[in-house]
Amino acid sequence: MPSPRYWREIPARYRLEGGRCPACGKVTYPTRRVCPECRHEGMEAIALSRHGRVVTFTTIHVAPTEFQMEAPYPMAVVETPEGARLMVQVADCAPDDVKLGLEVALEFRRIQREGRSGILCYGHKAVPAR
Ligand SMILES: [Zn+2]
């Protein structure tokens with residue numbers, strides 16, 4: 001089951017809302033209570049762009065049980081223009097099509113269905129920009 005933190009963060013995740021530190025400008029996603037860069041308390045909410053660039057990526061061959069049907073699939077760290085970094089699955093393309101600097105759009109999609117309870121988990125996936 002997703003953790004209580006997962007449920008608490010749903011609204012911010014849905015809006016792709018990050019946090020910006022008013023002291024040093026560090027941007028995180030999701031937001032944090034304390035800036036990971038300078039330890040300043042109280043980050044400001046900012047809406048992140050729904051696109052970015054791949055800064056690093058890998059291909060998952062041995063996936064967790066709930067994603068086995070999808071393996072192999074590419075996972076990437078995407079950086080938005082604001083500087084937030086998100087770890088997301090890259091959808092709608094072959095693992096070989098993912099490259100450093102690839103422009104992607106961040107789309108809100110179903111991530112997984114929770115076993116017997118049938119609860120659907122949604123989140124963002126990256127798809128190559130057209
Ligand atoms: Zn800071």
# chains A, B, ... in the order shown; residues from 1 in each chain; ligands from 1
>>> closest_atom_pairs(of="chain A", to="ligand 1", cutoff="7 Å", atoms="only C-alpha atoms and all ligand atoms", output="Markdown table")
| residue | atom | partner | partner_atom_place_in_ligand_line | distance |
| --- | --- | --- | --- | --- |
| A:Cys21 | CA | ligand 1 | 1 (Zn) | 4.6 |
| A:Pro22 | CA | ligand 1 | 1 (Zn) | 6.7 |
| A:Ala23 | CA | ligand 1 | 1 (Zn) | 5.0 |
| A:Cys24 | CA | ligand 1 | 1 (Zn) | 4.1 |
| A:Gly25 | CA | ligand 1 | 1 (Zn) | 5.9 |
| A:Lys26 | CA | ligand 1 | 1 (Zn) | 5.4 |
| A:Cys35 | CA | ligand 1 | 1 (Zn) | 4.7 |
| A:Pro36 | CA | ligand 1 | 1 (Zn) | 6.7 |
| A:Glu37 | CA | ligand 1 | 1 (Zn) | 5.0 |
| A:Cys38 | CA | ligand 1 | 1 (Zn) | 4.1 |
| A:Arg39 | CA | ligand 1 | 1 (Zn) | 6.0 |
| A:His40 | CA | ligand 1 | 1 (Zn) | 5.3 |
>>> select_by_dssp(residues="range 66-111 of chain A", states="helix (DSSP H, G or I)", output="list in words")
Glu66, Phe67, Gln68, Met69, Glu70, Pro95, Asp96 and Asp97 of chain A
>>> write_last_selection(atoms="C-alpha atoms", output="mmCIF file, in the first residue's frame")
data_model
loop_
_atom_site.group_PDB
_atom_site.id
_atom_site.type_symbol
_atom_site.label_atom_id
_atom_site.label_comp_id
_atom_site.auth_asym_id
_atom_site.auth_seq_id
_atom_site.Cartn_x
_atom_site.Cartn_y
_atom_site.Cartn_z
ATOM 1 C CA GLU A 66 3.612 -4.590 -9.910
ATOM 2 C CA PHE A 67 5.642 -3.338 -12.893
ATOM 3 C CA GLN A 68 6.907 -6.666 -14.248
ATOM 4 C CA MET A 69 4.522 -6.557 -17.189
ATOM 5 C CA GLU A 70 6.090 -3.307 -18.338
ATOM 6 C CA PRO A 95 14.345 2.375 -23.996
ATOM 7 C CA ASP A 96 16.839 3.071 -26.824
ATOM 8 C CA ASP A 97 15.036 6.306 -27.714
#
>>> closest_atom_pairs(of="range 44-69 of chain A", to="range 30-33 of chain A", cutoff="10 Å", atoms="only C-alpha atoms", output="CSV")
residue,atom,partner,partner_atom,distance
A:Glu44,CA,A:Thr31,CA,8.1
A:Ala45,CA,A:Thr31,CA,7.1
A:Ile46,CA,A:Thr31,CA,8.8
>>> closest_residue(among="A:His61, A:Ala105, A:Val54, A:Arg110", to="Met87 in chain A", atoms="only C-alpha atoms")
A:Val54
>>> atom_distance(atom1="CA of Pro74 in chain A", atom2="CA of Ile10 in chain A")
23.6 Å
>>> closest_residue(among="A:Trp7, A:Val98, A:Ala91, A:Arg130", to="Ile111 in chain A", atoms="only C-alpha atoms")
A:Ala91
>>> residues_around(residues="Ala76 in chain A", least_positions_apart="3", cutoff="10 Å", atoms="only C-alpha atoms", output="list in words")
Arg53, Val54, Val55, Thr56, Phe57, Thr58, Thr59, Glu79, Arg85, Leu86, Met87, Val88, Gln89, Val90, Val98, Lys99, Leu100, Lys125 and Ala126 of chain A
>>> residues_around(residues="Arg15 in chain A", least_positions_apart="3", cutoff="9 Å", atoms="only C-alpha atoms", output="ChimeraX atom specification")
/A:10-12,18,47-48
>>> atom_distance(atom1="CA of Pro128 in chain A", atom2="CA of Val27 in chain A")
23.2 Å
